[in-house]
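Student: Input file: target21.cif. Contents: mmCIF, C-alpha atoms.
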```cif
data_work
#
loop_
_atom_site.label_atom_id
_atom_site.label_comp_id
_atom_site.auth_asym_id
_atom_site.auth_seq_id
_atom_site.Cartn_x
_atom_site.Cartn_y
_atom_site.Cartn_z
CA MET A 55 -53.75 -21.43 20.20
CA GLU A 56 -50.69 -19.49 19.21
CA GLY A 57 -49.46 -19.99 15.68
CA LEU A 58 -52.24 -22.42 14.85
CA GLU A 59 -53.03 -20.89 11.49
CA GLN A 60 -49.37 -21.04 10.52
CA LYS A 61 -49.18 -24.70 11.49
CA LEU A 62 -52.26 -25.59 9.45
CA GLN A 63 -51.03 -23.57 6.50
CA ASP A 64 -47.64 -25.30 6.60
CA LYS A 65 -49.05 -28.80 6.56
CA PHE A 66 -52.27 -28.61 4.60
CA SER A 67 -51.19 -27.70 1.10
CA PHE A 68 -54.75 -26.79 0.09
CA TRP A 69 -54.80 -23.92 2.60
CA GLU A 70 -54.22 -21.23 -0.05
CA HIS A 71 -57.29 -22.49 -1.92
CA LEU A 72 -59.60 -22.02 1.07
CA THR A 73 -61.88 -19.04 1.50
CA GLN A 74 -61.48 -16.91 4.60
CA SER A 75 -64.61 -18.47 6.08
CA GLN A 76 -63.31 -21.98 5.47
CA LYS A 77 -60.01 -21.12 7.13
CA GLU A 78 -61.81 -19.70 10.12
CA ARG A 79 -64.03 -22.75 10.44
CA MET A 80 -61.06 -25.07 10.30
CA ILE A 81 -59.17 -23.06 12.93
CA ALA A 82 -62.21 -22.89 15.20
CA ASN A 83 -62.67 -26.67 15.04
CA THR A 84 -59.08 -27.70 15.70
CA GLN A 85 -57.96 -28.55 19.19
CA GLU A 86 -54.68 -29.62 20.67
CA VAL A 87 -54.83 -33.01 22.37
CA THR A 88 -52.14 -34.92 24.24
CA TYR A 89 -52.37 -38.70 24.44
CA PRO A 90 -50.36 -40.53 27.11
CA LYS A 91 -48.08 -43.34 25.97
CA GLY A 92 -50.09 -46.47 25.16
CA GLU A 93 -53.47 -44.76 24.91
CA ASN A 94 -55.85 -45.71 22.15
CA VAL A 95 -56.35 -42.70 19.89
CA HIS A 96 -58.79 -44.14 17.41
CA GLY A 97 -60.80 -47.27 16.78
CA SER A 98 -62.02 -48.76 20.01
CA LYS A 99 -64.73 -46.40 21.17
CA ARG A 100 -63.98 -43.46 18.94
CA LEU A 101 -65.61 -44.15 15.59
CA CYS A 102 -64.59 -41.00 13.78
CA THR A 103 -61.92 -39.28 15.77
CA GLY A 104 -60.94 -36.67 13.21
CA VAL A 105 -57.96 -35.67 11.11
CA LEU A 106 -54.75 -35.69 13.13
CA LEU A 107 -51.66 -33.60 12.59
CA ILE A 108 -48.89 -34.97 14.79
CA GLU A 109 -46.85 -32.29 16.51
CA LYS A 110 -44.81 -34.56 18.76
CA GLY A 111 -44.70 -38.26 19.48
CA ALA A 112 -45.55 -41.35 17.45
CA LEU A 113 -48.77 -43.08 16.49
CA ARG A 114 -49.07 -46.72 15.47
CA THR A 115 -51.84 -47.81 13.10
CA TYR A 116 -52.89 -51.44 13.10
CA LEU A 117 -55.57 -53.94 12.18
CA LEU A 118 -57.23 -55.94 14.94
CA SER A 119 -58.82 -59.33 14.34
CA ASP A 120 -61.93 -60.63 16.08
CA GLU A 121 -59.64 -62.82 18.14
CA GLY A 122 -57.57 -59.84 19.26
CA ARG A 123 -54.60 -60.35 16.97
CA GLU A 124 -52.90 -57.14 15.88
CA VAL A 125 -51.06 -56.42 12.66
CA THR A 126 -49.12 -53.17 12.50
CA LEU A 127 -49.71 -51.29 9.25
CA TYR A 128 -47.47 -48.27 9.73
CA ARG A 129 -46.27 -45.64 12.17
CA LEU A 130 -46.64 -41.88 11.93
CA GLY A 131 -44.40 -39.30 13.54
CA GLU A 132 -43.87 -35.58 13.90
CA GLY A 133 -45.35 -33.63 11.01
CA ASP A 134 -47.35 -36.56 9.63
CA ILE A 135 -51.07 -36.39 8.97
CA CYS A 136 -53.41 -39.22 9.91
CA MET A 137 -56.50 -39.38 7.68
CA LEU A 138 -57.69 -42.91 8.51
CA SER A 139 -58.74 -41.71 11.95
CA ALA A 140 -61.36 -39.79 9.96
CA SER A 141 -62.15 -42.61 7.55
CA CYS A 142 -65.88 -42.08 8.11
CA ILE A 143 -65.60 -39.00 5.90
CA LEU A 144 -63.79 -40.87 3.09
CA LYS A 145 -66.38 -42.77 1.04
CA SER A 146 -63.75 -44.94 -0.64
CA ILE A 147 -62.40 -46.24 2.66
CA THR A 148 -64.55 -49.08 3.93
CA PHE A 149 -62.25 -50.62 6.53
CA ASP A 150 -61.43 -49.73 10.11
CA VAL A 151 -58.06 -49.33 11.67
CA PHE A 152 -56.90 -48.77 15.22
CA VAL A 153 -54.46 -46.04 16.20
CA ASP A 154 -52.51 -46.01 19.47
CA ALA A 155 -50.05 -43.50 20.89
CA GLU A 156 -46.75 -45.33 21.00
CA GLU A 157 -45.24 -42.61 23.12
CA GLU A 158 -46.76 -39.50 24.66
CA SER A 159 -48.08 -37.66 21.63
CA ARG A 160 -49.33 -34.14 21.07
CA VAL A 161 -51.59 -33.71 18.06
CA LEU A 162 -53.78 -31.13 16.43
CA LEU A 163 -57.19 -32.74 16.05
CA ILE A 164 -59.49 -31.38 13.36
CA GLN A 165 -63.15 -32.34 13.73
CA SER A 166 -64.33 -34.83 11.14
CA GLN A 167 -67.51 -32.98 10.29
CA THR A 168 -65.69 -29.71 9.74
CA PHE A 169 -63.15 -31.39 7.51
CA LEU A 170 -65.90 -33.18 5.60
CA GLN A 171 -67.75 -29.91 5.03
CA ILE A 172 -64.62 -28.26 3.69
CA MET A 173 -63.86 -31.30 1.49
CA ASN A 174 -67.35 -31.09 0.04
CA GLU A 175 -66.98 -27.40 -0.67
CA ASN A 176 -63.42 -27.45 -1.87
CA ILE A 177 -62.00 -29.91 -4.39
CA TYR A 178 -58.41 -29.11 -3.31
CA ALA A 179 -59.13 -30.19 0.24
CA GLU A 180 -60.82 -33.36 -1.01
CA CYS A 181 -57.93 -34.16 -3.31
CA PHE A 182 -55.44 -33.60 -0.48
CA ALA A 183 -57.28 -36.02 1.79
CA TYR A 184 -57.23 -38.76 -0.84
CA LYS A 185 -53.57 -38.20 -1.66
CA VAL A 186 -52.55 -38.54 1.98
CA THR A 187 -54.65 -41.71 2.05
CA ALA A 188 -52.83 -43.06 -1.02
CA ASP A 189 -49.50 -42.50 0.78
CA ARG A 190 -50.73 -44.83 3.48
CA PHE A 191 -51.85 -47.32 0.83
CA SER A 192 -48.20 -47.61 -0.15
CA ASP A 193 -47.20 -48.12 3.49
CA VAL A 194 -49.77 -50.87 3.91
CA VAL A 195 -48.69 -52.75 0.80
CA TRP A 196 -45.12 -52.53 2.06
CA ALA A 197 -46.18 -54.02 5.40
CA MET A 198 -48.14 -56.72 3.60
CA GLU A 199 -45.11 -57.68 1.53
CA GLN A 200 -42.99 -57.81 4.67
CA ILE A 201 -45.46 -60.09 6.39
CA LEU A 202 -46.28 -62.36 3.48
CA PHE A 203 -43.05 -62.58 1.58
CA MET A 204 -40.19 -62.08 3.95
CA SER A 205 -39.19 -65.02 6.07
CA PHE A 206 -39.51 -64.41 9.75
CA ASP A 207 -35.79 -64.40 10.60
CA LYS A 208 -35.27 -61.54 8.14
CA ARG A 209 -38.26 -59.62 9.48
CA LEU A 210 -37.16 -59.96 13.08
CA ALA A 211 -33.56 -59.02 12.27
CA LEU A 212 -34.74 -55.98 10.30
CA PHE A 213 -37.04 -54.93 13.13
CA LEU A 214 -34.30 -55.18 15.77
CA LEU A 215 -31.85 -53.22 13.61
CA GLU A 216 -34.41 -50.51 12.89
CA GLU A 217 -35.38 -50.18 16.54
CA SER A 218 -31.74 -49.96 17.49
CA GLU A 219 -31.16 -47.24 14.92
CA LYS A 220 -34.29 -45.36 16.01
CA THR A 221 -33.35 -45.39 19.69
CA GLY A 222 -29.62 -45.02 19.11
CA SER A 223 -28.95 -47.92 21.46
CA LEU A 224 -28.10 -51.60 21.19
CA GLU A 225 -30.24 -52.30 24.26
CA LEU A 226 -33.91 -52.47 23.36
CA SER A 227 -36.58 -52.35 26.06
CA LEU A 228 -39.11 -54.56 24.34
CA THR A 229 -40.87 -57.67 25.54
CA HIS A 230 -41.38 -60.63 23.22
CA GLN A 231 -45.09 -59.84 23.35
CA GLN A 232 -44.47 -56.29 22.14
CA ILE A 233 -42.20 -57.45 19.33
CA ALA A 234 -44.84 -59.98 18.28
CA LYS A 235 -47.44 -57.21 18.21
CA TYR A 236 -45.29 -55.00 16.03
CA LEU A 237 -44.55 -57.80 13.61
CA GLY A 238 -48.09 -59.13 13.51
CA SER A 239 -46.88 -62.47 14.80
CA ALA A 240 -47.33 -64.64 17.87
CA ARG A 241 -45.23 -64.34 21.02
CA GLU A 242 -44.10 -67.97 20.80
CA VAL A 243 -42.81 -67.41 17.27
CA VAL A 244 -40.79 -64.41 18.42
CA THR A 245 -39.42 -66.25 21.45
CA ARG A 246 -38.37 -69.20 19.29
CA MET A 247 -36.57 -67.01 16.77
CA LEU A 248 -34.90 -64.90 19.49
CA LYS A 249 -33.57 -68.08 21.10
CA TYR A 250 -32.15 -69.03 17.73
CA PHE A 251 -30.53 -65.59 17.50
CA VAL A 252 -29.07 -66.09 21.01
CA ALA A 253 -27.65 -69.45 19.95
CA GLU A 254 -26.07 -67.75 16.96
CA GLY A 255 -24.51 -65.11 19.21
CA LEU A 256 -26.50 -62.33 17.56
CA VAL A 257 -28.44 -61.08 20.58
CA GLU A 258 -28.64 -61.46 24.33
CA LEU A 259 -31.90 -61.59 26.26
CA SER A 260 -32.61 -59.85 29.52
CA ARG A 261 -35.73 -59.21 31.57
CA GLY A 262 -38.03 -57.24 29.30
CA GLY A 263 -35.37 -56.56 26.74
CA VAL A 264 -33.11 -57.62 23.92
CA THR A 265 -29.51 -56.53 23.46
CA LEU A 266 -27.91 -56.62 20.04
CA LEU A 267 -24.50 -58.26 20.29
CA ASP A 268 -23.71 -58.56 16.59
CA PRO A 269 -25.55 -56.02 14.42
CA GLU A 270 -23.38 -56.95 11.45
CA GLY A 271 -24.44 -60.57 11.81
CA LEU A 272 -28.08 -59.50 11.88
CA LYS A 273 -27.54 -57.45 8.74
CA LYS A 274 -26.22 -60.55 6.99
CA LEU A 275 -29.65 -62.13 7.46
CA LEU A 276 -31.32 -59.40 5.38
CA MET B 16 -64.06 -45.78 -32.21
CA GLU B 17 -67.80 -45.45 -32.12
CA GLY B 18 -69.29 -44.06 -28.93
CA LEU B 19 -65.88 -43.63 -27.30
CA GLU B 20 -66.60 -40.17 -25.96
CA GLN B 21 -69.84 -41.40 -24.42
CA LYS B 22 -68.04 -44.30 -22.74
CA LEU B 23 -65.39 -42.02 -21.26
CA GLN B 24 -68.01 -39.52 -20.15
CA ASP B 25 -70.03 -42.26 -18.45
CA LYS B 26 -67.13 -43.62 -16.44
CA PHE B 27 -64.86 -40.66 -15.74
CA SER B 28 -66.92 -38.40 -13.54
CA PHE B 29 -64.52 -35.50 -14.06
CA TRP B 30 -65.39 -35.39 -17.79
CA GLU B 31 -67.69 -32.39 -17.42
CA HIS B 32 -64.85 -30.42 -15.84
CA LEU B 33 -62.52 -30.95 -18.81
CA THR B 34 -61.93 -28.35 -21.48
CA GLN B 35 -62.70 -29.27 -25.09
CA SER B 36 -59.00 -29.62 -25.78
CA GLN B 37 -58.51 -31.96 -22.80
CA LYS B 38 -61.42 -34.12 -23.95
CA GLU B 39 -59.99 -34.32 -27.43
CA ARG B 40 -56.54 -35.26 -26.15
CA MET B 41 -57.98 -37.98 -23.95
CA ILE B 42 -60.04 -39.41 -26.82
CA ALA B 43 -57.08 -39.29 -29.20
CA ASN B 44 -54.90 -41.19 -26.74
CA THR B 45 -57.31 -43.96 -25.86
CA GLN B 46 -57.18 -47.26 -27.68
CA GLU B 47 -59.17 -50.44 -27.45
CA VAL B 48 -57.06 -53.47 -26.56
CA THR B 49 -58.06 -57.11 -26.19
CA TYR B 50 -55.98 -59.36 -23.95
CA PRO B 51 -56.26 -63.14 -24.38
CA LYS B 52 -57.06 -65.17 -21.27
CA GLY B 53 -54.01 -65.56 -19.07
CA GLU B 54 -52.02 -62.73 -20.62
CA ASN B 55 -50.07 -60.37 -18.44
CA VAL B 56 -51.55 -56.88 -18.79
CA HIS B 57 -49.24 -54.95 -16.49
CA GLY B 58 -46.16 -55.42 -14.41
CA SER B 59 -43.77 -57.80 -16.09
CA LYS B 60 -42.36 -55.83 -19.00
CA ARG B 61 -44.88 -53.00 -19.11
CA LEU B 62 -43.79 -50.49 -16.50
CA CYS B 63 -46.54 -47.94 -16.97
CA THR B 64 -49.27 -49.49 -19.04
CA GLY B 65 -51.87 -46.78 -18.63
CA VAL B 66 -55.31 -46.27 -17.12
CA LEU B 67 -57.64 -49.16 -17.98
CA LEU B 68 -61.40 -49.06 -18.32
CA ILE B 69 -62.66 -52.64 -18.53
CA GLU B 70 -65.37 -53.15 -21.14
CA LYS B 71 -65.55 -56.91 -20.94
CA GLY B 72 -63.70 -59.64 -19.08
CA ALA B 73 -61.88 -59.75 -15.75
CA LEU B 74 -58.49 -58.60 -14.54
CA ARG B 75 -56.68 -59.94 -11.51
CA THR B 76 -54.26 -57.72 -9.59
CA TYR B 77 -51.60 -59.36 -7.46
CA LEU B 78 -48.30 -58.95 -5.69
CA LEU B 79 -45.37 -61.11 -6.77
CA SER B 80 -42.48 -61.98 -4.45
CA ASP B 81 -38.87 -62.36 -5.52
CA GLU B 82 -39.36 -66.10 -5.18
CA GLY B 83 -42.34 -66.05 -7.53
CA ARG B 84 -45.07 -66.32 -4.93
CA GLU B 85 -48.30 -64.52 -5.85
CA VAL B 86 -50.85 -62.92 -3.56
CA THR B 87 -54.10 -61.84 -5.16
CA LEU B 88 -55.15 -58.36 -4.08
CA TYR B 89 -58.44 -57.94 -5.95
CA ARG B 90 -60.23 -58.55 -9.22
CA LEU B 91 -61.79 -55.98 -11.53
CA GLY B 92 -64.65 -56.59 -13.94
CA GLU B 93 -66.80 -54.86 -16.50
CA GLY B 94 -67.07 -51.13 -15.91
CA ASP B 95 -64.21 -51.01 -13.39
CA ILE B 96 -61.25 -48.69 -13.73
CA CYS B 97 -57.71 -49.83 -13.06
CA MET B 98 -55.43 -46.99 -11.91
CA LEU B 99 -52.54 -49.03 -10.48
CA SER B 100 -51.53 -50.02 -14.03
CA ALA B 101 -50.65 -46.34 -14.31
CA SER B 102 -49.08 -46.09 -10.85
CA CYS B 103 -46.05 -44.32 -12.33
CA ILE B 104 -48.19 -41.20 -12.62
CA LEU B 105 -49.39 -41.39 -8.98
CA LYS B 106 -46.67 -39.92 -6.77
CA SER B 107 -48.19 -41.40 -3.61
CA ILE B 108 -48.06 -44.95 -4.95
CA THR B 109 -44.60 -46.41 -4.47
CA PHE B 110 -45.31 -50.11 -4.96
CA ASP B 111 -45.72 -52.29 -8.03
CA VAL B 112 -48.50 -54.69 -8.77
CA PHE B 113 -49.06 -57.21 -11.54
CA VAL B 114 -52.25 -57.40 -13.54
CA ASP B 115 -53.30 -60.44 -15.60
CA ALA B 116 -56.34 -61.05 -17.80
CA GLU B 117 -58.23 -63.81 -16.04
CA GLU B 118 -60.42 -64.30 -19.08
CA GLU B 119 -60.32 -62.72 -22.51
CA SER B 120 -60.70 -59.03 -21.72
CA ARG B 121 -61.46 -55.97 -23.80
CA VAL B 122 -60.32 -52.70 -22.28
CA LEU B 123 -60.03 -49.04 -23.16
CA LEU B 124 -56.42 -48.10 -22.51
CA ILE B 125 -55.65 -44.44 -21.86
CA GLN B 126 -52.00 -43.48 -22.23
CA SER B 127 -50.29 -42.71 -18.93
CA GLN B 128 -48.63 -39.54 -20.13
CA THR B 129 -51.88 -38.12 -21.46
CA PHE B 130 -53.68 -38.91 -18.24
CA LEU B 131 -50.83 -37.41 -16.22
CA GLN B 132 -50.96 -34.21 -18.24
CA ILE B 133 -54.69 -33.89 -17.70
CA MET B 134 -54.30 -34.65 -13.99
CA ASN B 135 -51.70 -31.90 -13.73
CA GLU B 136 -53.96 -29.44 -15.50
CA ASN B 137 -57.22 -30.42 -13.88
CA ILE B 138 -57.71 -30.94 -10.15
CA TYR B 139 -60.94 -32.91 -10.76
CA ALA B 140 -59.11 -35.50 -12.84
CA GLU B 141 -56.39 -35.73 -10.20
CA CYS B 142 -58.91 -36.12 -7.43
CA PHE B 143 -60.75 -38.82 -9.39
CA ALA B 144 -57.55 -40.83 -9.88
CA TYR B 145 -56.78 -40.77 -6.15
CA LYS B 146 -60.33 -41.68 -5.20
CA VAL B 147 -60.32 -44.74 -7.47
CA THR B 148 -56.98 -45.64 -5.88
CA ALA B 149 -58.49 -45.34 -2.40
CA ASP B 150 -61.24 -47.79 -3.43
CA ARG B 151 -58.54 -50.30 -4.17
CA PHE B 152 -56.89 -49.53 -0.81
CA SER B 153 -60.07 -50.85 0.80
CA ASP B 154 -59.95 -53.98 -1.37
CA VAL B 155 -56.34 -54.62 -0.42
CA VAL B 156 -56.97 -54.26 3.31
CA TRP B 157 -59.87 -56.67 2.93
CA ALA B 158 -57.59 -59.19 1.21
CA MET B 159 -54.97 -58.68 3.91
CA GLU B 160 -57.50 -59.38 6.66
CA GLN B 161 -58.61 -62.51 4.82
CA ILE B 162 -55.08 -63.77 4.53
CA LEU B 163 -53.84 -62.85 7.97
CA PHE B 164 -56.87 -63.33 10.17
CA MET B 165 -59.08 -65.98 8.65
CA SER B 166 -58.06 -69.56 9.19
CA PHE B 167 -57.37 -71.45 6.01
CA ASP B 168 -60.36 -73.81 6.12
CA LYS B 169 -62.68 -70.80 6.20
CA ARG B 170 -60.83 -69.08 3.39
CA LEU B 171 -60.89 -72.14 1.16
CA ALA B 172 -64.57 -72.82 1.86
CA LEU B 173 -65.44 -69.20 1.13
CA PHE B 174 -63.44 -69.27 -2.09
CA LEU B 175 -65.13 -72.46 -3.34
CA LEU B 176 -68.59 -71.09 -2.53
CA GLU B 177 -67.86 -67.79 -4.24
CA GLU B 178 -66.49 -69.48 -7.36
CA SER B 179 -69.53 -71.74 -7.49
CA GLU B 180 -71.83 -68.75 -7.21
CA LYS B 181 -69.88 -66.83 -9.85
CA THR B 182 -69.94 -69.65 -12.38
CA GLY B 183 -73.41 -70.89 -11.45
CA SER B 184 -72.12 -74.44 -11.18
CA LEU B 185 -71.10 -76.87 -8.44
CA GLU B 186 -68.33 -78.21 -10.68
CA LEU B 187 -65.30 -75.94 -10.61
CA SER B 188 -62.56 -76.31 -13.22
CA LEU B 189 -59.66 -75.27 -11.04
CA THR B 190 -56.41 -77.03 -10.28
CA HIS B 191 -55.00 -77.01 -6.76
CA GLN B 192 -52.22 -74.84 -8.10
CA GLN B 193 -54.71 -72.26 -9.36
CA ILE B 194 -56.61 -72.24 -6.09
CA ALA B 195 -53.33 -71.78 -4.22
CA LYS B 196 -52.49 -68.83 -6.44
CA TYR B 197 -55.82 -67.14 -5.82
CA LEU B 198 -55.54 -67.62 -2.08
CA GLY B 199 -51.90 -66.60 -1.89
CA SER B 200 -51.05 -69.99 -0.45
CA ALA B 201 -49.01 -73.04 -1.42
CA ARG B 202 -50.34 -75.93 -3.52
CA GLU B 203 -49.58 -78.47 -0.79
CA VAL B 204 -51.62 -76.49 1.73
CA VAL B 205 -54.59 -76.44 -0.66
CA THR B 206 -54.28 -80.16 -1.44
CA ARG B 207 -54.14 -80.99 2.25
CA MET B 208 -57.23 -78.98 3.07
CA LEU B 209 -59.15 -80.29 0.05
CA LYS B 210 -58.40 -83.85 1.17
CA TYR B 211 -59.81 -82.94 4.55
CA PHE B 212 -62.92 -81.55 2.82
CA VAL B 213 -63.23 -84.82 0.84
CA ALA B 214 -63.01 -86.81 4.06
CA GLU B 215 -65.77 -84.66 5.51
CA GLY B 216 -67.93 -85.31 2.43
CA LEU B 217 -67.91 -81.62 1.50
CA VAL B 218 -66.29 -81.88 -1.95
CA GLU B 219 -65.20 -84.43 -4.52
CA LEU B 220 -61.99 -84.16 -6.51
CA SER B 221 -61.61 -84.88 -10.18
CA ARG B 222 -58.86 -84.32 -12.72
CA GLY B 223 -58.30 -80.57 -12.80
CA GLY B 224 -61.38 -79.82 -10.80
CA VAL B 225 -63.35 -79.72 -7.57
CA THR B 226 -67.05 -80.55 -7.22
CA LEU B 227 -69.01 -79.16 -4.31
CA LEU B 228 -71.10 -81.96 -2.76
CA ASP B 229 -72.33 -80.14 0.33
CA PRO B 230 -72.42 -76.35 -0.06
CA GLU B 231 -74.40 -76.03 3.16
CA GLY B 232 -71.66 -77.88 5.00
CA LEU B 233 -69.07 -75.52 3.55
CA LYS B 234 -71.14 -72.55 4.68
CA LYS B 235 -71.10 -73.89 8.23
CA LEU B 236 -67.32 -73.46 8.20
CA LEU B 237 -67.64 -69.71 7.65
#
```
I need this file expressed as structure tokens, please.

Tutor:
Amino acid sequence: MEGLEQKLQDKFSFWEHLTQSQKERMIANTQEVTYPKGENVHGSKRLCTGVLLIEKGALRTYLLSDEGREVTLYRLGEGDICMLSASCILKSITFDVFVDAEEESRVLLIQSQTFLQIMNENIYAECFAYKVTADRFSDVVWAMEQILFMSFDKRLALFLLEESEKTGSLELSLTHQQIAKYLGSAREVVTRMLKYFVAEGLVELSRGGVTLLDPEGLKKLL
Amino acid sequence: MEGLEQKLQDKFSFWEHLTQSQKERMIANTQEVTYPKGENVHGSKRLCTGVLLIEKGALRTYLLSDEGREVTLYRLGEGDICMLSASCILKSITFDVFVDAEEESRVLLIQSQTFLQIMNENIYAECFAYKVTADRFSDVVWAMEQILFMSFDKRLALFLLEESEKTGSLELSLTHQQIAKYLGSAREVVTRMLKYFVAEGLVELSRGGVTLLDPEGLKKLL
């Protein structure tokens, strides 16, 4: 793969501390994978997918209950590193997450066992892995605070505004079911709140979508 | 303090990688502190308390909303290390937690700035700090799953059984308000569910307490 070493060097700050043999092993055990939109990347059948470096696209990490309820923890985009898809090699991490491709995503996938070997040999690599993990810890606590402390009207308004900003459009192609998934809520709860927003003149509903009519009004809810 | 070096050596696995000067600095900047039961240890006025090594007692870590609602994240006991009370020195940690002494607690308190200096000088110390933090990440995700996925009757039953096991008694001295705090819920919700448990013959209520009448019945709820 062209430029692979450069890519790894740019993103893995411990690269300069690796021996030549470690670098070669890491390069030899990295492959480029493309996941179609919606595909599960980690967590259903794949128990220890590997370390992911996202080159293009977006991955969503979530918890899944026994009853099939999802709670989104965070999203990763271009240039981000996903360590929890290799949680089997992190002794301190005892929980499982699911990772889906939210859009078509191209990633560099580093084999878990190779990464583990290098972590065991090299304290800088180990430290890096745990630091990236701690970044996600912060994301998860943020999500938890959103879910537990923020009232649902605020959370929904914030979500719609953020999606609108992300896509650069006031028309969002999202079903109530999808919104519920993202917010870790139930579809009925989303539908009820959206109807309230419609009544307030804040949004308009269409088949499979929500249009923001009054972004300023939504902002006032925050 | 007698035996201080031994205590630090036993609990901080990076000790052997420290230089003599680093060891001396760490010893010189560690003090023994006793917190009375109920006292806030970290988070209200103390912005960066320091790294805590618990010698005796129990600390409870929780999130606090703007409206004063608490959600318990995890508890630490004898021999545990609390890093989030020094989160100011962990760049990856961007959230704030509160820590209270749940009973009278004796801790070794290592100054944040000293620990930061040693972390900056010594990759093993840095790595250790992030690994301890990742342990807590697992605790927090566990708590989140409990709160979001488990129905409240299960959570309350589990809590009562665990408290009973911990104290070795079927009589628990806990107000509904305290139980609500521990479960990140509201007092009314706890009272309602306890009344349901009374009606089912599972527990008996007394002034400031709950007595388990049918632990086996409570276990069936799990």

Student: Please identify all polymer residues within 7 Å of range 170-178 of chain B, counting all atoms listed in the file, omitting same-chain residues fewer than 4 positions from it, and present them as a VMD selection string.

Tutor: chain B and resid 165 to 166 182 230 233 236 to 237

Student: Would you mind exporting the chosen residues as a short mmCIF file (atom, residue, chain, number, x, y, z; two decimals), keeping the file's coordinate frame, restricted to C-alpha atoms?

Tutor:
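This is the output file part19.cif:
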```
data_model
loop_
_atom_site.label_atom_id
_atom_site.label_comp_id
_atom_site.auth_asym_id
_atom_site.auth_seq_id
_atom_site.Cartn_x
_atom_site.Cartn_y
_atom_site.Cartn_z
CA MET B 165 -59.08 -65.98 8.65
CA SER B 166 -58.06 -69.56 9.19
CA THR B 182 -69.94 -69.65 -12.38
CA PRO B 230 -72.42 -76.35 -0.06
CA LEU B 233 -69.07 -75.52 3.55
CA LEU B 236 -67.32 -73.46 8.20
CA LEU B 237 -67.64 -69.71 7.65
#
```

Student: Tell me which residues the PyMOL selection byres ((chain A) within 9 of (chain B)) grabs here, as a PyMOL selection string.

Tutor: chain A and resi 117-121+123+125+144-149+177-178+180-182+184-196+198-199+201-204+238

Student: Using CA of Ile135 in chain A and CA of Lys65 in chain A as the two end points, give the distance in Å to one decimal.

Tutor: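 Answer for the CA of Ile135 in chain A to CA of Lys65 in chain A separation: 8.2 Å.
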
Student: Have a look at CA of Ala140 in chain A and CA of Asn174 in chain A and let me know their distance in Å, one decimal.

Tutor: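 These two atoms are separated by 14.5 Å.
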
Student: Applied to this file, what does the PyMOL selection byres ((chain B and resi 69) around 12) return in terms of residues, put as an mmCIF file with C-alpha atoms, keeping the file's coordinate frame?

Tutor:
```cif
data_model
loop_
_atom_site.group_PDB
_atom_site.id
_atom_site.type_symbol
_atom_site.label_atom_id
_atom_site.label_comp_id
_atom_site.auth_asym_id
_atom_site.auth_seq_id
_atom_site.Cartn_x
_atom_site.Cartn_y
_atom_site.Cartn_z
ATOM 1 C CA LYS B 22 -68.040 -44.300 -22.740
ATOM 2 C CA LEU B 23 -65.390 -42.020 -21.260
ATOM 3 C CA LYS B 26 -67.130 -43.620 -16.440
ATOM 4 C CA GLN B 46 -57.180 -47.260 -27.680
ATOM 5 C CA GLU B 47 -59.170 -50.440 -27.450
ATOM 6 C CA VAL B 48 -57.060 -53.470 -26.560
ATOM 7 C CA THR B 49 -58.060 -57.110 -26.190
ATOM 8 C CA TYR B 50 -55.980 -59.360 -23.950
ATOM 9 C CA VAL B 56 -51.550 -56.880 -18.790
ATOM 10 C CA VAL B 66 -55.310 -46.270 -17.120
ATOM 11 C CA LEU B 67 -57.640 -49.160 -17.980
ATOM 12 C CA LEU B 68 -61.400 -49.060 -18.320
ATOM 13 C CA GLU B 70 -65.370 -53.150 -21.140
ATOM 14 C CA LYS B 71 -65.550 -56.910 -20.940
ATOM 15 C CA GLY B 72 -63.700 -59.640 -19.080
ATOM 16 C CA ALA B 73 -61.880 -59.750 -15.750
ATOM 17 C CA LEU B 74 -58.490 -58.600 -14.540
ATOM 18 C CA ARG B 75 -56.680 -59.940 -11.510
ATOM 19 C CA ARG B 90 -60.230 -58.550 -9.220
ATOM 20 C CA LEU B 91 -61.790 -55.980 -11.530
ATOM 21 C CA GLY B 92 -64.650 -56.590 -13.940
ATOM 22 C CA GLU B 93 -66.800 -54.860 -16.500
ATOM 23 C CA GLY B 94 -67.070 -51.130 -15.910
ATOM 24 C CA ASP B 95 -64.210 -51.010 -13.390
ATOM 25 C CA ILE B 96 -61.250 -48.690 -13.730
ATOM 26 C CA CYS B 97 -57.710 -49.830 -13.060
ATOM 27 C CA MET B 98 -55.430 -46.990 -11.910
ATOM 28 C CA ALA B 116 -56.340 -61.050 -17.800
ATOM 29 C CA GLU B 118 -60.420 -64.300 -19.080
ATOM 30 C CA GLU B 119 -60.320 -62.720 -22.510
ATOM 31 C CA SER B 120 -60.700 -59.030 -21.720
ATOM 32 C CA ARG B 121 -61.460 -55.970 -23.800
ATOM 33 C CA VAL B 122 -60.320 -52.700 -22.280
ATOM 34 C CA LEU B 123 -60.030 -49.040 -23.160
ATOM 35 C CA LEU B 124 -56.420 -48.100 -22.510
ATOM 36 C CA ILE B 125 -55.650 -44.440 -21.860
#
```

Student: Assuming the chain letters and numbering stay as they are in my file, what does the PyMOL selection byres ((chain B and resi 214-229) around 12) actually select? List them as a PyMOL selection string.

Tutor: chain B and resi 168+171-180+183-194+205-213+230-236

Student: Could you tell me how far CA of Asn176 in chain A lies from CA of Phe68 in chain A, in Å and to one decimal?

Tutor: 8.9 Å
